[in-house]
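Here's final.txt, which has compact mmCIF, C-alpha atoms:
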```txt
# COMPACT_ATOMS: atom_id res chain seq x y z
CA MET X 1 8.70 34.91 60.88
CA THR X 2 11.58 36.89 59.39
CA SER X 3 11.21 40.66 59.39
CA ILE X 4 9.26 42.15 56.52
CA LYS X 5 10.99 44.69 54.31
CA GLU X 6 9.30 48.10 54.64
CA ARG X 7 9.40 48.72 50.90
CA SER X 8 7.52 45.54 50.07
CA TYR X 9 4.14 45.45 48.36
CA VAL X 10 1.76 42.75 47.26
CA ILE X 11 -0.96 43.93 44.89
CA VAL X 12 -4.07 41.86 44.24
CA GLY X 13 -5.49 42.45 40.78
CA GLY X 14 -3.68 43.04 37.50
CA GLY X 15 -6.07 45.53 35.91
CA VAL X 16 -5.67 49.28 35.54
CA PHE X 17 -5.32 50.12 39.23
CA GLY X 18 -3.04 47.24 40.13
CA THR X 19 -0.76 47.37 37.09
CA SER X 20 -0.44 51.16 37.18
CA THR X 21 0.38 51.02 40.89
CA ALA X 22 3.06 48.38 40.33
CA LEU X 23 4.62 50.49 37.57
CA HIS X 24 4.72 53.67 39.61
CA LEU X 25 6.06 51.91 42.70
CA LYS X 26 9.02 50.52 40.76
CA LYS X 27 9.63 53.82 39.01
CA GLN X 28 9.72 55.73 42.29
CA PHE X 29 11.34 53.02 44.43
CA PRO X 30 13.47 50.81 42.16
CA ASP X 31 14.62 48.63 45.08
CA ALA X 32 11.09 47.94 46.31
CA GLU X 33 9.80 44.37 46.29
CA VAL X 34 6.58 44.44 44.28
CA THR X 35 4.47 41.34 43.65
CA LEU X 36 1.28 41.45 41.61
CA VAL X 37 -1.15 38.54 42.01
CA ASP X 38 -3.97 37.98 39.51
CA ARG X 39 -6.06 34.95 38.66
CA ASP X 40 -5.02 35.32 35.00
CA ALA X 41 -1.52 35.59 33.57
CA PHE X 42 -0.99 39.00 32.01
CA ASP X 43 -0.41 37.40 28.61
CA ALA X 44 -3.50 35.17 28.79
CA PRO X 45 -5.65 35.32 25.61
CA HIS X 46 -8.69 36.36 27.67
CA ARG X 47 -8.99 37.87 31.14
CA VAL X 48 -11.86 38.69 33.47
CA ALA X 49 -10.56 42.13 34.41
CA ALA X 50 -12.72 45.05 33.27
CA SER X 51 -9.43 46.51 32.00
CA TRP X 52 -9.09 43.73 29.43
CA ASP X 53 -11.11 44.70 26.38
CA TRP X 54 -10.74 45.38 22.68
CA ASN X 55 -10.82 49.14 23.12
CA LYS X 56 -11.82 51.76 25.67
CA VAL X 57 -12.75 55.45 25.55
CA VAL X 58 -10.07 57.97 26.56
CA ARG X 59 -11.74 61.29 27.30
CA ALA X 60 -11.67 64.27 29.62
CA ASP X 61 -15.30 65.28 29.18
CA TYR X 62 -16.56 65.83 32.71
CA ARG X 63 -19.08 68.17 34.23
CA ASP X 64 -20.26 69.06 37.73
CA PRO X 65 -23.68 67.63 38.55
CA VAL X 66 -25.34 68.95 41.69
CA CYS X 67 -25.42 65.62 43.51
CA PHE X 68 -22.06 64.06 42.70
CA LEU X 69 -18.35 64.69 42.79
CA PHE X 70 -17.61 64.74 39.05
CA ARG X 71 -16.03 68.09 39.66
CA ILE X 72 -13.46 69.98 37.72
CA GLN X 73 -10.90 67.79 39.51
CA ASP X 74 -11.97 64.81 37.37
CA CYS X 75 -11.47 66.85 34.23
CA ARG X 76 -8.00 67.87 35.44
CA LEU X 77 -6.93 64.29 36.13
CA ALA X 78 -8.36 63.05 32.84
CA LEU X 79 -6.47 65.74 30.93
CA GLU X 80 -3.30 64.71 32.75
CA ALA X 81 -3.94 61.12 31.69
CA GLN X 82 -4.65 62.14 28.09
CA ASP X 83 -1.34 63.97 27.93
CA ALA X 84 0.40 60.75 28.96
CA TRP X 85 -1.54 58.70 26.40
CA ARG X 86 -0.41 61.03 23.63
CA ALA X 87 3.23 61.43 24.55
CA GLU X 88 4.60 58.69 26.84
CA GLU X 89 5.64 55.07 26.63
CA PRO X 90 4.25 52.48 26.91
CA TRP X 91 0.93 54.24 26.28
CA LYS X 92 1.49 56.25 23.12
CA PRO X 93 1.37 53.39 20.54
CA PHE X 94 -2.10 52.37 21.71
CA TYR X 95 -3.86 55.75 21.67
CA HIS X 96 -6.03 56.99 18.79
CA GLY X 97 -7.16 60.63 18.80
CA SER X 98 -10.38 60.04 16.91
CA GLY X 99 -12.45 62.59 18.82
CA VAL X 100 -15.66 62.00 20.78
CA TYR X 101 -19.21 62.81 19.65
CA TRP X 102 -21.55 63.21 22.66
CA ILE X 103 -25.31 63.07 22.15
CA SER X 104 -26.63 64.51 25.40
CA ARG X 105 -30.03 65.61 26.62
CA THR X 106 -28.73 67.36 29.74
CA GLY X 107 -26.75 70.44 28.70
CA PHE X 108 -23.55 68.44 28.94
CA ALA X 109 -21.76 70.20 26.08
CA GLN X 110 -21.59 73.64 27.67
CA ALA X 111 -20.59 72.22 31.06
CA VAL X 112 -17.56 70.52 29.49
CA LEU X 113 -16.56 73.69 27.64
CA ASP X 114 -16.77 75.60 30.93
CA ASN X 115 -14.53 73.07 32.71
CA TYR X 116 -11.89 73.23 29.99
CA ALA X 117 -11.91 77.02 30.16
CA ALA X 118 -11.56 76.99 33.95
CA LEU X 119 -8.50 74.73 33.62
CA GLY X 120 -6.91 76.97 31.02
CA ARG X 121 -7.19 74.40 28.24
CA PRO X 122 -7.86 75.87 24.78
CA THR X 123 -11.16 74.89 23.22
CA GLU X 124 -11.33 77.06 20.09
CA GLY X 125 -11.29 74.84 17.03
CA LYS X 126 -11.13 71.73 19.24
CA LEU X 127 -14.36 71.53 21.24
CA PHE X 128 -17.77 72.45 19.87
CA ALA X 129 -21.33 72.57 21.15
CA LEU X 130 -23.18 72.11 17.89
CA PRO X 131 -26.91 72.27 17.12
CA VAL X 132 -28.21 68.89 16.01
CA ALA X 133 -28.66 69.88 12.37
CA GLU X 134 -25.02 70.96 12.13
CA ALA X 135 -23.75 67.99 14.12
CA ARG X 136 -25.48 65.48 11.82
CA ALA X 137 -23.31 66.63 8.93
CA ARG X 138 -20.01 66.12 10.78
CA TYR X 139 -17.80 63.12 10.04
CA GLY X 140 -19.38 62.53 6.67
CA GLY X 141 -22.84 62.23 8.18
CA VAL X 142 -22.20 58.80 9.72
CA PHE X 143 -24.41 59.72 12.70
CA ASP X 144 -27.19 61.39 10.71
CA GLU X 145 -29.66 58.64 11.67
CA ALA X 146 -28.84 58.58 15.38
CA ASP X 147 -31.52 59.17 18.01
CA TYR X 148 -31.53 62.91 18.77
CA THR X 149 -34.84 62.98 20.63
CA GLY X 150 -34.75 65.80 23.17
CA VAL X 151 -31.22 66.87 22.17
CA GLU X 152 -30.40 70.54 21.64
CA ASN X 153 -26.62 70.43 21.25
CA VAL X 154 -24.03 67.77 20.52
CA LEU X 155 -20.56 67.99 22.07
CA VAL X 156 -17.77 67.33 19.59
CA ASN X 157 -14.41 67.04 21.34
CA THR X 158 -11.64 66.48 18.82
CA THR X 159 -9.03 66.12 21.60
CA SER X 160 -10.45 62.88 22.99
CA GLY X 161 -10.37 59.37 21.53
CA TRP X 162 -9.82 55.73 22.42
CA ALA X 163 -7.09 53.18 23.08
CA ASP X 164 -6.41 49.52 22.39
CA ALA X 165 -7.27 48.23 25.86
CA LYS X 166 -5.83 44.74 25.91
CA GLY X 167 -2.75 45.87 24.00
CA ALA X 168 -2.06 48.67 26.47
CA LEU X 169 -2.68 46.40 29.46
CA ARG X 170 -0.27 43.78 28.19
CA ALA X 171 2.40 46.35 27.27
CA ALA X 172 2.14 48.01 30.69
CA SER X 173 2.41 44.61 32.37
CA GLU X 174 5.47 43.71 30.31
CA HIS X 175 7.05 47.05 31.17
CA ALA X 176 6.36 46.48 34.86
CA ALA X 177 7.94 43.03 34.64
CA SER X 178 11.02 44.55 32.99
CA LEU X 179 11.34 46.88 35.98
CA GLY X 180 11.31 43.93 38.37
CA VAL X 181 7.64 43.49 39.27
CA ARG X 182 6.98 39.83 40.03
CA PHE X 183 3.76 38.51 38.50
CA VAL X 184 1.96 35.55 40.06
CA ALA X 185 -1.01 33.88 38.32
CA ALA X 186 -3.11 32.45 41.14
CA GLU X 187 -6.43 32.73 42.95
CA VAL X 188 -6.32 34.55 46.27
CA ALA X 189 -7.70 32.32 49.03
CA SER X 190 -7.26 34.61 52.06
CA LEU X 191 -5.39 37.52 53.55
CA VAL X 192 -2.74 36.92 56.18
CA PHE X 193 -2.58 38.82 59.48
CA ASP X 194 -0.04 39.01 62.30
CA ASP X 195 -0.82 38.60 65.99
CA ASN X 196 -1.77 42.29 66.23
CA GLY X 197 -4.28 42.08 63.38
CA ALA X 198 -2.08 43.87 60.83
CA CYS X 199 -2.31 42.58 57.27
CA ILE X 200 1.03 41.13 56.18
CA GLY X 201 0.12 39.62 52.83
CA LEU X 202 -2.02 36.89 51.34
CA ARG X 203 -2.31 33.19 50.73
CA THR X 204 -3.21 31.80 47.32
CA ALA X 205 -5.39 28.81 46.54
CA ASP X 206 -2.32 26.67 45.85
CA GLY X 207 -1.11 27.25 49.43
CA GLN X 208 1.61 29.80 48.66
CA THR X 209 2.02 32.75 51.04
CA HIS X 210 3.14 36.15 49.78
CA VAL X 211 4.24 38.47 52.58
CA ALA X 212 4.62 42.24 52.36
CA ALA X 213 4.40 45.37 54.48
CA HIS X 214 1.66 46.72 52.21
CA THR X 215 -1.21 44.69 50.76
CA ILE X 216 -3.18 46.57 48.11
CA LEU X 217 -6.55 45.34 46.87
CA SER X 218 -7.14 46.37 43.26
CA THR X 219 -9.75 43.70 42.88
CA GLY X 220 -12.54 45.48 40.98
CA ALA X 221 -15.87 43.69 40.95
CA PHE X 222 -14.47 40.90 43.14
CA THR X 223 -13.83 43.32 46.03
CA PRO X 224 -17.16 42.93 47.88
CA LYS X 225 -16.94 39.12 47.82
CA LEU X 226 -13.26 39.04 48.79
CA LEU X 227 -13.77 41.32 51.79
CA GLU X 228 -16.92 39.46 52.79
CA GLY X 229 -14.76 36.35 53.09
CA VAL X 230 -12.16 38.23 55.12
CA ALA X 231 -14.87 39.48 57.47
CA ASP X 232 -16.15 35.92 57.96
CA ALA X 233 -12.68 34.53 58.57
CA THR X 234 -11.67 37.21 61.09
CA GLY X 235 -15.04 37.90 62.69
CA LYS X 236 -14.52 41.62 62.01
CA HIS X 237 -17.53 43.22 60.33
CA GLY X 238 -15.48 46.32 59.52
CA PHE X 239 -13.83 44.59 56.56
CA ARG X 240 -17.10 44.47 54.60
CA VAL X 241 -17.77 47.04 51.89
CA GLY X 242 -21.30 47.76 53.11
CA ASP X 243 -22.97 50.38 50.91
CA ARG X 244 -19.66 51.71 49.57
CA VAL X 245 -19.28 49.44 46.55
CA ILE X 246 -21.43 47.32 44.29
CA ALA X 247 -20.35 44.93 41.54
CA ALA X 248 -22.13 45.80 38.30
CA GLY X 249 -22.13 44.42 34.80
CA THR X 250 -22.66 45.81 31.32
CA THR X 251 -22.55 44.22 27.87
CA THR X 252 -20.43 44.80 24.79
CA GLY X 253 -20.47 43.36 21.28
CA LEU X 254 -18.45 43.54 18.07
CA ALA X 255 -19.27 43.59 14.37
CA LYS X 256 -16.77 43.14 11.55
CA LEU X 257 -17.34 45.60 8.71
CA ASP X 258 -16.50 44.72 5.14
CA ASP X 259 -13.83 46.70 3.31
CA GLU X 260 -16.33 49.00 1.59
CA ALA X 261 -18.12 49.92 4.81
CA ALA X 262 -14.82 50.24 6.65
CA LYS X 263 -13.75 53.01 4.28
CA ILE X 264 -16.90 54.98 5.10
CA TYR X 265 -16.44 54.67 8.86
CA ALA X 266 -12.63 54.79 9.00
CA GLN X 267 -12.53 58.35 10.36
CA MET X 268 -15.48 58.19 12.73
CA PRO X 269 -15.08 59.27 16.37
CA VAL X 270 -16.28 57.57 19.52
CA CYS X 271 -20.03 58.16 19.84
CA ILE X 272 -21.63 58.30 23.30
CA GLN X 273 -25.35 58.68 23.78
CA GLU X 274 -26.62 59.61 27.23
CA ASN X 275 -29.89 58.06 28.31
CA PRO X 276 -32.69 58.90 30.71
CA PRO X 277 -31.88 57.19 34.05
CA GLU X 278 -34.64 54.62 33.63
CA ARG X 279 -32.93 53.37 30.45
CA GLY X 280 -29.39 53.30 31.77
CA ALA X 281 -26.30 55.49 31.91
CA SER X 282 -25.31 55.53 28.24
CA ASN X 283 -24.82 53.45 25.16
CA GLY X 284 -22.43 54.01 22.33
CA THR X 285 -19.82 52.77 19.93
CA LEU X 286 -16.09 52.89 19.38
CA PRO X 287 -14.31 53.25 16.03
CA LEU X 288 -12.91 50.41 13.99
CA ASN X 289 -9.82 48.66 15.25
CA GLU X 290 -7.10 47.27 13.00
CA ASP X 291 -9.30 44.27 12.19
CA ASN X 292 -12.22 46.47 11.06
CA MET X 293 -14.16 45.50 14.17
CA MET X 294 -16.61 48.05 15.58
CA LYS X 295 -17.61 47.81 19.23
CA TRP X 296 -20.83 48.83 21.01
CA TRP X 297 -21.81 48.86 24.66
CA GLY X 298 -25.36 48.50 25.89
CA GLN X 299 -27.29 50.78 28.21
CA TYR X 300 -28.21 48.29 30.94
CA LEU X 301 -26.23 48.15 34.17
CA PHE X 302 -27.11 45.19 36.37
CA THR X 303 -26.21 43.40 39.58
CA ASN X 304 -25.83 39.72 40.43
CA MET X 305 -27.08 39.58 44.00
CA GLN X 306 -25.99 36.66 46.18
CA THR X 307 -26.58 35.66 49.79
CA MET X 308 -23.32 35.01 51.63
CA PRO X 309 -22.91 32.50 54.49
CA SER X 310 -23.14 35.43 56.90
CA GLY X 311 -26.57 36.28 55.53
CA CYS X 312 -25.29 39.46 53.91
CA GLN X 313 -26.52 40.27 50.43
CA ILE X 314 -23.84 41.38 47.97
CA SER X 315 -23.51 41.68 44.23
CA ALA X 316 -20.64 39.72 42.70
CA PRO X 317 -19.76 38.33 39.28
CA PRO X 318 -20.82 34.73 38.58
CA ALA X 319 -18.69 32.19 40.42
CA SER X 320 -17.17 30.51 37.35
CA ALA X 321 -13.49 31.18 36.73
CA ASP X 322 -14.20 33.40 33.72
CA TYR X 323 -17.16 35.18 35.40
CA ALA X 324 -19.33 33.57 32.69
CA GLN X 325 -18.43 36.66 30.69
CA TRP X 326 -19.15 35.00 27.34
CA SER X 327 -22.54 33.59 28.40
CA VAL X 328 -24.70 36.53 27.37
CA PRO X 329 -28.50 36.18 27.56
CA ASP X 330 -30.67 37.25 24.63
CA SER X 331 -31.98 40.33 26.45
CA LEU X 332 -28.44 41.70 26.73
CA VAL X 333 -27.67 40.82 23.11
CA GLN X 334 -30.73 42.90 22.23
CA ASP X 335 -29.47 45.69 24.48
CA VAL X 336 -26.34 45.96 22.34
CA GLU X 337 -28.49 45.85 19.19
CA PHE X 338 -30.41 48.81 20.59
CA ALA X 339 -27.12 50.74 20.92
CA ASN X 340 -26.50 50.10 17.23
CA ARG X 341 -29.95 51.39 16.24
CA ALA X 342 -29.69 54.43 18.52
CA THR X 343 -26.32 55.34 16.99
CA PHE X 344 -26.65 54.43 13.32
CA GLY X 345 -30.35 53.83 12.61
CA LYS X 346 -30.85 52.02 9.30
CA ARG X 347 -27.16 52.38 8.48
CA GLY X 348 -26.30 49.56 10.87
CA GLU X 349 -29.10 47.13 10.05
CA ALA X 350 -26.91 44.82 7.97
CA TRP X 351 -24.13 44.52 10.53
CA LYS X 352 -23.97 41.25 12.45
CA ILE X 353 -22.91 41.92 16.04
CA THR X 354 -21.08 38.98 17.64
CA GLN X 355 -18.50 38.31 20.39
CA HIS X 356 -20.82 39.58 23.10
CA ARG X 357 -19.19 39.90 26.51
CA ILE X 358 -20.34 40.91 29.99
CA CYS X 359 -17.88 43.29 31.63
CA TRP X 360 -17.94 43.56 35.44
CA ASP X 361 -16.66 46.55 37.42
CA ALA X 362 -16.86 47.91 40.94
CA VAL X 363 -19.08 51.00 41.20
CA THR X 364 -19.44 53.49 44.04
CA PRO X 365 -22.55 55.62 44.67
CA SER X 366 -20.64 58.79 43.75
CA GLU X 367 -18.62 57.18 40.92
CA ASP X 368 -15.48 58.23 42.78
CA PHE X 369 -12.68 55.70 43.22
CA ILE X 370 -11.64 54.22 46.55
CA ILE X 371 -7.91 54.81 47.04
CA SER X 372 -7.44 54.53 50.76
CA PRO X 373 -6.06 52.61 53.72
CA HIS X 374 -8.57 50.06 54.94
CA PRO X 375 -9.37 51.07 58.53
CA ALA X 376 -9.99 47.47 59.64
CA SER X 377 -6.32 46.48 59.43
CA LYS X 378 -2.96 48.21 59.39
CA GLY X 379 -1.05 47.41 56.21
CA LEU X 380 -4.18 46.85 54.13
CA TYR X 381 -5.11 49.28 51.36
CA VAL X 382 -7.82 49.53 48.72
CA ALA X 383 -7.26 50.98 45.24
CA THR X 384 -10.17 50.14 42.97
CA CYS X 385 -13.72 51.05 41.90
CA GLY X 386 -13.31 52.26 38.34
CA SER X 387 -17.09 52.80 38.15
CA PHE X 388 -16.96 52.22 34.37
CA HIS X 389 -14.89 55.36 33.80
CA GLY X 390 -11.56 54.56 35.46
CA TRP X 391 -9.76 52.93 32.54
CA LYS X 392 -8.72 56.18 30.90
CA PHE X 393 -6.61 57.03 33.98
CA PHE X 394 -4.36 54.01 33.43
CA PRO X 395 -1.11 55.97 32.84
CA ILE X 396 -1.42 58.08 36.00
CA ILE X 397 -3.69 56.44 38.58
CA GLY X 398 -0.85 54.41 40.08
CA ASP X 399 1.00 57.61 40.92
CA TYR X 400 -1.95 58.70 43.04
CA VAL X 401 -2.09 55.30 44.73
CA VAL X 402 1.59 55.69 45.63
CA GLN X 403 0.83 59.15 47.03
CA MET X 404 -1.88 57.57 49.19
CA LEU X 405 0.57 54.94 50.43
CA GLU X 406 3.14 57.63 51.22
CA GLY X 407 0.60 59.91 52.93
CA THR X 408 1.17 62.73 50.44
CA LEU X 409 -2.15 62.67 48.57
CA GLU X 410 -3.66 66.13 48.33
CA PRO X 411 -6.45 66.62 50.89
CA ASP X 412 -9.29 66.99 48.40
CA LEU X 413 -8.46 63.70 46.68
CA ARG X 414 -7.73 61.96 49.97
CA ASP X 415 -11.20 62.87 51.23
CA ARG X 416 -12.98 62.05 47.95
CA TRP X 417 -11.33 58.65 47.64
CA ALA X 418 -11.46 57.68 51.33
CA TRP X 419 -12.92 54.38 52.49
CA ASP X 420 -15.01 56.23 55.05
CA ARG X 421 -16.75 59.13 53.36
CA GLU X 422 -20.25 60.42 52.92
CA ILE X 423 -22.29 58.07 50.74
CA PRO X 424 -24.83 59.85 48.52
CA ASP X 425 -28.11 58.37 47.39
CA PRO X 426 -27.08 55.95 44.62
CA LEU X 427 -30.44 56.24 42.89
CA LYS X 428 -29.53 59.82 41.96
CA ASN X 429 -26.54 58.42 40.10
CA VAL X 430 -27.19 57.53 36.46
CA VAL X 431 -24.22 55.13 36.52
CA TRP X 432 -25.88 52.80 39.00
CA PRO X 433 -27.28 49.34 38.24
CA ARG X 434 -31.05 49.31 38.05
CA LYS X 435 -31.51 45.74 36.81
CA GLU X 436 -30.71 42.28 38.16
CA LEU X 437 -28.96 39.68 36.03
CA LYS X 438 -31.37 36.86 36.89
CA ASP X 439 -34.25 39.00 35.60
CA LEU X 440 -32.49 39.40 32.26
CA ILE X 441 -31.98 35.69 31.63
```
As structure tokens, please, write out the structure in this file.
Amino acid sequence: MTSIKERSYVIVGGGVFGTSTALHLKKQFPDAEVTLVDRDAFDAPHRVAASWDWNKVVRADYRDPVCFLFRIQDCRLALEAQDAWRAEEPWKPFYHGSGVYWISRTGFAQAVLDNYAALGRPTEGKLFALPVAEARARYGGVFDEADYTGVENVLVNTTSGWADAKGALRAASEHAASLGVRFVAAEVASLVFDDNGACIGLRTADGQTHVAAHTILSTGAFTPKLLEGVADATGKHGFRVGDRVIAAGTTTGLAKLDDEAAKIYAQMPVCIQENPPERGASNGTLPLNEDNMMKWWGQYLFTNMQTMPSGCQISAPPASADYAQWSVPDSLVQDVEFANRATFGKRGEAWKITQHRICWDAVTPSEDFIISPHPASKGLYVATCGSFHGWKFFPIIGDYVVQMLEGTLEPDLRDRWAWDREIPDPLKNVVWPRKELKDLI
């Protein structure tokens, strides 16, 4: 085999982590060979990536729970990402600073204000912890019928908002291609290793081999199944994700508002409602897009457990090419309807929610990403696990992946995002699947 160029990279997965990494590699190393392999073309009308969506929340509202690592560091990185969304190409055209309205039963509002203050970010006139009675009157009273049971204060953060997800993903992919990133639409069949066990690329289902000095898995919910197959093929248990990662699903739906209703809700912010753990992490809604479509997400997080040939049990998306993302059972349709009622009460009764979709992501017990070398093989790296909050970091996360590849990642982040790190009790994490898909069908 001919020698492999040191500045060569093959990235598996064209979502937030993979596309951002490709962009930042070409920006920092223009002569690098960067290939991005994804099962879907970046201009496909629909994709299975969690990053592909109508719109996504862009926020920096983080606190510091006792049990997890949502520390002030997360707030800092999210603020860095927000700055890029507001001011930089290709992100700026897709960002909408609508504000975020948080209905929380856990003292969340003050914790966010404290984090902003600690980071030196001004909050006066921008962030508010409002009593429920005062909050109901904000934004023309559009949330006056929301469920405020057990809520003392509502966080209103006028500096947060949302972005056109599929538009931003496509624009970022096009920008990466203009910089010389090579995109390959293909299924990954296996990883390729040299005689010393180092990973030197991958082989696709059509028999093509893509060789590189660095192979980066940004494979989201497919990660556990992919690495399970690698472990079987090599006989090395150390490739498996173990308890580090689980594939989880949640459900979204859209309703088209008529012109009269659209005028009433045109200036509404994102609304997020935290739930008791037994109900799920959160539900909520995003503002109207250019087609007057309003989006909700349901509160249920669920697994799809499967027994692998090795006997290992893992959660993975359904095996169909599109993850069966449009085949949404009635119980999950009703879950999205519940989000509508919890947010708008009787106001939303006439809206017909359609275009339901199951979105799959990779979740860790701490909700921290994995951005790390894979210890089972030299040349293999993992950069994934958005844990349903990673999308907002799209403009900047690739820079941190490059720092990991270069060995310059700051120690705190290196340790937090490491493959081998302390794994907390996932049941103390509200963003952890507590239902099984087969029980919801």
Task: Atomic distance atom CA of Asp74 of chain X - atom CA of Ala117 of chain X, expressed in Å with one decimal - done: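 Taking atom CA of Asp74 of chain X and atom CA of Ala117 of chain X, their separation equals 14.2 Å.
Checking X:His175, X:His46, X:Lys378, X:Arg105 one by one against Ile200 of chain X, counting all atoms listed in the file, you find the shortest gap at X:Lys378.
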Task: Within 12 Å of Pro122 of chain X using only C-alpha atoms, minus same-chain residues under 6 positions, as a ChimeraX atom specification - done: /X:79,113-116,128,157-159
TODO: Return the single residue from X:His24, X:Thr251, X:Met404, X:Leu191 that is closest to Glu337 of chain X, with distances computed using all atoms listed in the file.
DONE: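 Closest residue, counting all atoms listed in the file: X:Thr251.
Nearest residue to Glu422 of chain X among X:Arg244, X:Ser387, X:Ser331, X:Pro287 is X:Arg244, counting all atoms listed in the file.
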- [ ] Can you work out which one of X:Ala376, X:Ala221, X:Ala146, X:Ala255 has the shortest atom-to-atom distance to Thr303 of chain X, counting only C-alpha atoms?
- [x] X:Ala221
TODO: Rounded to one decimal place, report the atom CA of Trp52 of chain X-atom CA of Ser98 of chain X distance in Å.
DONE: 20.6 Å
Open item on the list: Using only C-alpha atoms, can you tell me which of X:Thr307, X:Ser372, X:Thr343, X:Ser173 comes closest to Pro90 of chain X?
Closed with: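 Of X:Thr307, X:Ser372, X:Thr343, X:Ser173, the one nearest Pro90 of chain X is X:Ser173, counting only C-alpha atoms.
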Open item on the list: Which residues are close to Ile423 of chain X, i.e. within 8 Å by all atoms listed in the file, leaving aside same-chain residues fewer than 4 positions away? Reply as a PyMOL selection string.
Closed with: chain X and resi 243-244+365-366
TODO: Have a look at X:Pro317, X:Pro45, X:Gly311, X:Gly161 and name the one nearest to Trp85 of chain X; count all atoms listed in the file.
DONE: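 Result for the nearest residue to Trp85 of chain X: X:Gly161.
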Need the shell around Val363 of chain X: protein/DNA/RNA residues with any atom at most 12 Å away, counting only C-alpha atoms. Skip same-chain ones fewer than 2 positions apart. Format as a CSV table (one decimal) with C-alpha atoms, in the coordinates of the input?
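The file below, part-v9.csv, is the result:
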```csv
chain,number,residue,atom,x,y,z
X,50,ALA,CA,-12.7,45.0,33.3
X,219,THR,CA,-9.8,43.7,42.9
X,220,GLY,CA,-12.5,45.5,41.0
X,221,ALA,CA,-15.9,43.7,41.0
X,222,PHE,CA,-14.5,40.9,43.1
X,223,THR,CA,-13.8,43.3,46.0
X,224,PRO,CA,-17.2,42.9,47.9
X,241,VAL,CA,-17.8,47.0,51.9
X,243,ASP,CA,-23.0,50.4,50.9
X,244,ARG,CA,-19.7,51.7,49.6
X,245,VAL,CA,-19.3,49.4,46.6
X,246,ILE,CA,-21.4,47.3,44.3
X,247,ALA,CA,-20.4,44.9,41.5
X,248,ALA,CA,-22.1,45.8,38.3
X,249,GLY,CA,-22.1,44.4,34.8
X,250,THR,CA,-22.7,45.8,31.3
X,301,LEU,CA,-26.2,48.2,34.2
X,302,PHE,CA,-27.1,45.2,36.4
X,303,THR,CA,-26.2,43.4,39.6
X,315,SER,CA,-23.5,41.7,44.2
X,316,ALA,CA,-20.6,39.7,42.7
X,360,TRP,CA,-17.9,43.6,35.4
X,361,ASP,CA,-16.7,46.6,37.4
X,365,PRO,CA,-22.6,55.6,44.7
X,366,SER,CA,-20.6,58.8,43.8
X,367,GLU,CA,-18.6,57.2,40.9
X,368,ASP,CA,-15.5,58.2,42.8
X,369,PHE,CA,-12.7,55.7,43.2
X,370,ILE,CA,-11.6,54.2,46.6
X,384,THR,CA,-10.2,50.1,43.0
X,385,CYS,CA,-13.7,51.0,41.9
X,386,GLY,CA,-13.3,52.3,38.3
X,387,SER,CA,-17.1,52.8,38.2
X,388,PHE,CA,-17.0,52.2,34.4
X,389,HIS,CA,-14.9,55.4,33.8
X,390,GLY,CA,-11.6,54.6,35.5
X,426,PRO,CA,-27.1,56.0,44.6
X,429,ASN,CA,-26.5,58.4,40.1
X,430,VAL,CA,-27.2,57.5,36.5
X,431,VAL,CA,-24.2,55.1,36.5
X,432,TRP,CA,-25.9,52.8,39.0
X,433,PRO,CA,-27.3,49.3,38.2
```
- [ ] Taking the point (-20.6, 48.3, 25.5) as given in the file, collect each protein or nucleic acid residue that comes within 9 Å of it, counting all atoms listed in the file, and present the set as a VMD selection string.
- [x] chain X and resid 250 to 253 283 to 286 295 to 299 336 339 357 to 359
Please produce a file of the residues just selected, as a PDB file, in the coordinates of the input, where the atoms kept are C-alpha atoms.
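So out_34.pdb came out as:
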```
ATOM      1  CA  THR X 250     -22.660  45.810  31.320  1.00  0.00           C
ATOM      2  CA  THR X 251     -22.550  44.220  27.870  1.00  0.00           C
ATOM      3  CA  THR X 252     -20.430  44.800  24.790  1.00  0.00           C
ATOM      4  CA  GLY X 253     -20.470  43.360  21.280  1.00  0.00           C
ATOM      5  CA  ASN X 283     -24.820  53.450  25.160  1.00  0.00           C
ATOM      6  CA  GLY X 284     -22.430  54.010  22.330  1.00  0.00           C
ATOM      7  CA  THR X 285     -19.820  52.770  19.930  1.00  0.00           C
ATOM      8  CA  LEU X 286     -16.090  52.890  19.380  1.00  0.00           C
ATOM      9  CA  LYS X 295     -17.610  47.810  19.230  1.00  0.00           C
ATOM     10  CA  TRP X 296     -20.830  48.830  21.010  1.00  0.00           C
ATOM     11  CA  TRP X 297     -21.810  48.860  24.660  1.00  0.00           C
ATOM     12  CA  GLY X 298     -25.360  48.500  25.890  1.00  0.00           C
ATOM     13  CA  GLN X 299     -27.290  50.780  28.210  1.00  0.00           C
ATOM     14  CA  VAL X 336     -26.340  45.960  22.340  1.00  0.00           C
ATOM     15  CA  ALA X 339     -27.120  50.740  20.920  1.00  0.00           C
ATOM     16  CA  ARG X 357     -19.190  39.900  26.510  1.00  0.00           C
ATOM     17  CA  ILE X 358     -20.340  40.910  29.990  1.00  0.00           C
ATOM     18  CA  CYS X 359     -17.880  43.290  31.630  1.00  0.00           C
TER      19      CYS X 359
END
```
Where is the centre and how long are the edges: axis-aligned box on segment 196-212 of chain X, 4 Å on each side, Å to one decimal, as lines of an AutoDock Vina configuration file:
```
center_x = -0.4
center_y = 35.3
center_z = 56.0
size_x = 18.0
size_y = 25.2
size_z = 28.4
```
- [ ] Please indicate the distance in Å from atom CA of Leu440 of chain X to atom CA of Glu274 of chain X, rounded to one decimal place.
- [x] 21.6 Å
TODO: Within 7 Å of Arg39 of chain X, counting all atoms listed in the file, which residues show up once you throw out same-chain ones fewer than 2 positions away? Write them as number ranges by chain, please.
DONE: X: 37, 41, 185-187
